[in-house]
Amino acid sequence: MRLNLGCGNHKVDGWLNVDKVPACNPDQIVDLEALPWPWPADSVDEIVLSHVLEHLGAANDVYLGIFKELYRVSRNGMRITIIVPHPRHDHFLNDPTHVRPITEIGLLMFSQTANRYWIAAGGADTPLGIYLGIDFETVSVQRRLGEPWSGRFERGEITSADLDYAASTYNNVIQQTEIVLRAIKPAGSKNNT
Ligand SMILES: C[S@@+](CC[C@H](N)C(=O)[O-])C[C@H]1O[C@@H](n2cnc3c(N)ncnc32)[C@H](O)[C@@H]1O
């Protein structure tokens with residue numbers, strides 16, 4: 001089973017397209033903030049959350065509960081593709097239903113490898129993966145640049161280092177980020193692949 005969560009009007013053939021709003025005619029109506037989710041443990045082969053996660057879990061307990069559910073339903077090694085607007089882009093700021101910024105570092109907090117590294121380094125970061133008993137490693141991060149930054153970079157007018165500086169300093173540099181996570185489940189978990 002492959003889940004397209006918060007599908008809206010972008011359905012994917014062969015996937016279970018899920019949304020809480022009947023008006024977009026999802027295959028299954030589910031409020032993703034109502035926990036637990038209706039799918040069995042270790043039953044899902046792939047998940048996409050495209051422009052959805054930033055709408056979920058204004059309350060921390062709900063947001064963290066959603067990650068526990070993502071982990072519970074995942075088969076070992078399963079990939080989750082998360083596409084989000086960059087928190088310093090107007091696309092994020094303009095929508096009143098966006099309840100929290102999603103960043104690649106924020107998602108890395110669900111990696112037990114990162115948690116152990118930060119603990120060994122004496123960092124103060126909350127080891128969320130260890131605390132929640134979940135483990136997602138980051139497979140890839142892709143950034144889509146906004147204009148005029150995209151054009152300037154393509155024309156060779158600015159370097160990657162210039163872009164890194166701009167992205168951490170100004171608004172509207174990165175438009176959206178696509179982050180792929182992989183669920184790491186212990187040996188003995190059902191359906192290990
Ligand atoms: C910005 S749209 C993105 C739609 C689609 N994924 C896309 O990329 O075009 C966000 C979608 O998430 C859905 N959504 C928001 N909160 C939800 C929830 N608690 N449970 C299920 N779906 C939710 C909305 O109904 C909406 O269809």
# chains A, B, ... in the order shown; residues from 1 in each chain; ligands from 1
>>> residues_around(residues="Val141 (chain A)", least_positions_apart="4", cutoff="9 Å", atoms="only C-alpha atoms", output="JSON, numbers by chain")
{"A": [104, 177, 178, 179, 180]}
>>> residues_around(residues="region 21-33 of chain A", least_positions_apart="3", cutoff="6 Å", atoms="only C-alpha atoms", output="PyMOL selection string")
chain A and resi 8-9+17-18
>>> select_by_dssp(residues="chain A", states="strand (DSSP E or B)", output="MDAnalysis selection string")
chainID A and resid 2:5 16:19 28:29 44:50 74:85 136:145 174:183
>>> atom_distance(atom1="CA of Asn94 (chain A)", atom2="CA of Ile82 (chain A)")
19.9 Å
>>> closest_residue(among="A:Thr138, A:Ser43, A:Ser111, A:Gln176", to="ligand 1", atoms="only C-alpha atoms and all ligand atoms")
A:Gln176
>>> closest_residue(among="A:Ala187, A:Ala41, A:Val84, A:Leu3", to="Lys68 (chain A)", atoms="only C-alpha atoms")
A:Ala41
>>> atom_distance(atom1="CA of Gly65 (chain A)", atom2="CA of Leu93 (chain A)")
24.6 Å
>>> closest_residue(among="A:Leu64, A:Trp118, A:Ile83, A:Gly77", to="Gly6 (chain A)", atoms="only C-alpha atoms")
A:Ile83
>>> atom_distance(atom1="CA of Leu49 (chain A)", atom2="CA of Pro127 (chain A)")
23.4 Å
>>> select_by_dssp(residues="region 17-93 of chain A", states="alpha helix (DSSP H)", output="list in words")
Asn60, Asp61, Val62, Tyr63, Leu64, Gly65, Ile66, Phe67, Lys68, Glu69, Leu70, Tyr71, Arg72, Val73, Asp90, His91, Phe92 and Leu93 of chain A
>>> closest_residue(among="A:Ser50, A:Thr97, A:Thr126, A:Ser160", to="ligand 1", atoms="only C-alpha atoms and all ligand atoms")
A:Ser50
>>> closest_residue(among="A:Pro38, A:Gly129, A:Thr169, A:Val139", to="Val73 (chain A)", atoms="only C-alpha atoms")
A:Pro38
>>> residues_around(residues="Leu145 (chain A)", least_positions_apart="2", cutoff="6 Å", atoms="only C-alpha atoms", output="number ranges by chain")
A: 150, 173-175
>>> write_last_selection(atoms="C-alpha atoms", output="PDB file, in the first residue's frame")
ATOM      1  CA  SER A 150      17.163  30.753  -9.361  1.00  0.00           C
ATOM      2  CA  VAL A 173      15.261  32.655  -1.518  1.00  0.00           C
ATOM      3  CA  ILE A 174      14.142  29.014  -1.231  1.00  0.00           C
ATOM      4  CA  GLN A 175      10.566  28.458  -2.365  1.00  0.00           C
TER       5      GLN A 175
END
>>> closest_residue(among="A:Gly151, A:Pro186, A:Gly123, A:Gly57", to="ligand 1", atoms="only C-alpha atoms and all ligand atoms")
A:Gly57
>>> residues_around(residues="Pro87 (chain A)", least_positions_apart="6", cutoff="8 Å", atoms="only C-alpha atoms", output="list in words")
Leu93, Pro101, Ile102 and Thr103 of chain A
>>> write_last_selection(atoms="all heavy atoms", output="compact mmCIF listing (two decimals), in the first residue's frame")
# COMPACT_ATOMS: atom_id res chain seq x y z
N LEU A 93 4.25 32.04 4.61
CA LEU A 93 3.73 33.08 5.51
C LEU A 93 2.29 33.47 5.20
O LEU A 93 1.54 33.88 6.08
CB LEU A 93 4.64 34.31 5.43
CG LEU A 93 6.09 34.07 5.86
CD1 LEU A 93 6.95 35.30 5.54
CD2 LEU A 93 6.16 33.74 7.35
N PRO A 101 6.40 25.67 10.91
CA PRO A 101 7.46 25.56 9.90
C PRO A 101 8.04 24.15 9.92
O PRO A 101 8.22 23.57 11.00
CB PRO A 101 8.50 26.59 10.35
CG PRO A 101 8.28 26.75 11.81
CD PRO A 101 6.83 26.46 12.08
N ILE A 102 8.33 23.61 8.75
CA ILE A 102 8.99 22.30 8.65
C ILE A 102 10.36 22.53 8.01
O ILE A 102 10.45 23.11 6.92
CB ILE A 102 8.18 21.32 7.77
CG1 ILE A 102 6.72 21.22 8.22
CG2 ILE A 102 8.86 19.95 7.73
CD1 ILE A 102 6.50 20.62 9.57
N THR A 103 11.40 22.08 8.69
CA THR A 103 12.75 22.23 8.15
C THR A 103 13.46 20.87 8.14
O THR A 103 13.07 19.96 8.86
CB THR A 103 13.58 23.20 9.03
OG1 THR A 103 13.78 22.59 10.32
CG2 THR A 103 12.89 24.54 9.18
>>> residues_around(residues="Trp149 (chain A)", least_positions_apart="4", cutoff="12 Å", atoms="only C-alpha atoms", output="list in words")
Arg143, Arg144, Leu145, Phe153, Glu154, Arg155, Gly156, Glu157, Ile158, Thr159, Ser160, Asp162, Leu163, Asp164, Tyr165, Ala166, Ala167, Tyr170, Asn171, Asn172, Val173, Ile174 and Gln175 of chain A
>>> write_last_selection(atoms="N, CA, C and O atoms", output="PDB file, in the first residue's frame")
ATOM      1  N   ARG A 143      16.206  21.547  -2.873  1.00  0.00           N
ATOM      2  CA  ARG A 143      15.613  22.873  -2.673  1.00  0.00           C
ATOM      3  C   ARG A 143      15.215  23.458  -4.027  1.00  0.00           C
ATOM      4  O   ARG A 143      15.992  23.387  -4.975  1.00  0.00           O
ATOM      5  N   ARG A 144      14.008  24.041  -4.081  1.00  0.00           N
ATOM      6  CA  ARG A 144      13.615  24.789  -5.279  1.00  0.00           C
ATOM      7  C   ARG A 144      13.760  26.269  -4.959  1.00  0.00           C
ATOM      8  O   ARG A 144      13.135  26.787  -4.018  1.00  0.00           O
ATOM      9  N   LEU A 145      14.587  26.956  -5.756  1.00  0.00           N
ATOM     10  CA  LEU A 145      14.854  28.367  -5.501  1.00  0.00           C
ATOM     11  C   LEU A 145      13.750  29.236  -6.073  1.00  0.00           C
ATOM     12  O   LEU A 145      13.171  28.919  -7.122  1.00  0.00           O
ATOM     13  N   PHE A 153      21.551  32.106 -10.101  1.00  0.00           N
ATOM     14  CA  PHE A 153      22.407  30.936  -9.893  1.00  0.00           C
ATOM     15  C   PHE A 153      22.649  30.211 -11.219  1.00  0.00           C
ATOM     16  O   PHE A 153      23.779  29.837 -11.545  1.00  0.00           O
ATOM     17  N   GLU A 154      21.583  30.053 -12.013  1.00  0.00           N
ATOM     18  CA  GLU A 154      21.727  29.360 -13.301  1.00  0.00           C
ATOM     19  C   GLU A 154      22.661  30.114 -14.244  1.00  0.00           C
ATOM     20  O   GLU A 154      23.392  29.507 -15.029  1.00  0.00           O
ATOM     21  N   ARG A 155      22.671  31.424 -14.183  1.00  0.00           N
ATOM     22  CA  ARG A 155      23.556  32.218 -15.052  1.00  0.00           C
ATOM     23  C   ARG A 155      24.972  32.320 -14.501  1.00  0.00           C
ATOM     24  O   ARG A 155      25.838  32.957 -15.101  1.00  0.00           O
ATOM     25  N   GLY A 156      25.206  31.697 -13.331  1.00  0.00           N
ATOM     26  CA  GLY A 156      26.554  31.700 -12.746  1.00  0.00           C
ATOM     27  C   GLY A 156      26.915  33.017 -12.094  1.00  0.00           C
ATOM     28  O   GLY A 156      28.098  33.289 -11.837  1.00  0.00           O
ATOM     29  N   GLU A 157      25.903  33.849 -11.812  1.00  0.00           N
ATOM     30  CA  GLU A 157      26.176  35.158 -11.203  1.00  0.00           C
ATOM     31  C   GLU A 157      26.440  35.047  -9.707  1.00  0.00           C
ATOM     32  O   GLU A 157      27.029  35.938  -9.112  1.00  0.00           O
ATOM     33  N   ILE A 158      25.950  33.947  -9.099  1.00  0.00           N
ATOM     34  CA  ILE A 158      26.203  33.717  -7.672  1.00  0.00           C
ATOM     35  C   ILE A 158      26.592  32.261  -7.466  1.00  0.00           C
ATOM     36  O   ILE A 158      26.267  31.393  -8.285  1.00  0.00           O
ATOM     37  N   THR A 159      27.295  32.011  -6.362  1.00  0.00           N
ATOM     38  CA  THR A 159      27.784  30.663  -6.064  1.00  0.00           C
ATOM     39  C   THR A 159      26.845  29.971  -5.071  1.00  0.00           C
ATOM     40  O   THR A 159      25.948  30.595  -4.490  1.00  0.00           O
ATOM     41  N   SER A 160      27.120  28.695  -4.828  1.00  0.00           N
ATOM     42  CA  SER A 160      26.356  27.959  -3.805  1.00  0.00           C
ATOM     43  C   SER A 160      26.525  28.604  -2.440  1.00  0.00           C
ATOM     44  O   SER A 160      25.580  28.664  -1.644  1.00  0.00           O
ATOM     45  N   ASP A 162      27.071  31.777  -1.858  1.00  0.00           N
ATOM     46  CA  ASP A 162      26.225  32.983  -1.842  1.00  0.00           C
ATOM     47  C   ASP A 162      24.772  32.604  -1.522  1.00  0.00           C
ATOM     48  O   ASP A 162      24.091  33.287  -0.748  1.00  0.00           O
ATOM     49  N   LEU A 163      24.331  31.511  -2.140  1.00  0.00           N
ATOM     50  CA  LEU A 163      22.949  31.081  -1.926  1.00  0.00           C
ATOM     51  C   LEU A 163      22.715  30.667  -0.483  1.00  0.00           C
ATOM     52  O   LEU A 163      21.684  31.002   0.115  1.00  0.00           O
ATOM     53  N   ASP A 164      23.681  29.918   0.097  1.00  0.00           N
ATOM     54  CA  ASP A 164      23.539  29.497   1.503  1.00  0.00           C
ATOM     55  C   ASP A 164      23.416  30.716   2.402  1.00  0.00           C
ATOM     56  O   ASP A 164      22.599  30.746   3.315  1.00  0.00           O
ATOM     57  N   TYR A 165      24.251  31.713   2.129  1.00  0.00           N
ATOM     58  CA  TYR A 165      24.200  32.940   2.938  1.00  0.00           C
ATOM     59  C   TYR A 165      22.847  33.635   2.756  1.00  0.00           C
ATOM     60  O   TYR A 165      22.193  34.018   3.733  1.00  0.00           O
ATOM     61  N   ALA A 166      22.421  33.755   1.506  1.00  0.00           N
ATOM     62  CA  ALA A 166      21.157  34.448   1.228  1.00  0.00           C
ATOM     63  C   ALA A 166      19.986  33.707   1.881  1.00  0.00           C
ATOM     64  O   ALA A 166      19.097  34.331   2.478  1.00  0.00           O
ATOM     65  N   ALA A 167      20.009  32.369   1.792  1.00  0.00           N
ATOM     66  CA  ALA A 167      18.881  31.583   2.311  1.00  0.00           C
ATOM     67  C   ALA A 167      18.752  31.708   3.818  1.00  0.00           C
ATOM     68  O   ALA A 167      17.648  31.605   4.366  1.00  0.00           O
ATOM     69  N   TYR A 170      17.809  36.159   4.063  1.00  0.00           N
ATOM     70  CA  TYR A 170      16.700  36.879   3.432  1.00  0.00           C
ATOM     71  C   TYR A 170      15.465  35.989   3.288  1.00  0.00           C
ATOM     72  O   TYR A 170      15.560  34.761   3.342  1.00  0.00           O
ATOM     73  N   ASN A 171      14.320  36.627   3.057  1.00  0.00           N
ATOM     74  CA  ASN A 171      13.096  35.899   2.707  1.00  0.00           C
ATOM     75  C   ASN A 171      13.089  35.573   1.211  1.00  0.00           C
ATOM     76  O   ASN A 171      13.781  36.207   0.407  1.00  0.00           O
ATOM     77  N   ASN A 172      12.274  34.594   0.834  1.00  0.00           N
ATOM     78  CA  ASN A 172      11.948  34.287  -0.565  1.00  0.00           C
ATOM     79  C   ASN A 172      13.145  33.833  -1.402  1.00  0.00           C
ATOM     80  O   ASN A 172      13.154  34.042  -2.625  1.00  0.00           O
ATOM     81  N   VAL A 173      14.125  33.210  -0.767  1.00  0.00           N
ATOM     82  CA  VAL A 173      15.261  32.655  -1.518  1.00  0.00           C
ATOM     83  C   VAL A 173      14.933  31.213  -1.914  1.00  0.00           C
ATOM     84  O   VAL A 173      15.007  30.854  -3.090  1.00  0.00           O
ATOM     85  N   ILE A 174      14.567  30.391  -0.934  1.00  0.00           N
ATOM     86  CA  ILE A 174      14.142  29.014  -1.231  1.00  0.00           C
ATOM     87  C   ILE A 174      12.615  28.986  -1.186  1.00  0.00           C
ATOM     88  O   ILE A 174      12.003  29.397  -0.198  1.00  0.00           O
ATOM     89  N   GLN A 175      12.028  28.488  -2.279  1.00  0.00           N
ATOM     90  CA  GLN A 175      10.566  28.458  -2.365  1.00  0.00           C
ATOM     91  C   GLN A 175      10.008  27.233  -1.653  1.00  0.00           C
ATOM     92  O   GLN A 175       9.065  27.323  -0.878  1.00  0.00           O
TER      93      GLN A 175
END
>>> residues_around(residues="Met78 (chain A)", least_positions_apart="2", cutoff="12 Å", atoms="only C-alpha atoms", output="ChimeraX atom specification")
/A:1-3,42-48,70-76,80-81,135-139,180-185,191-193
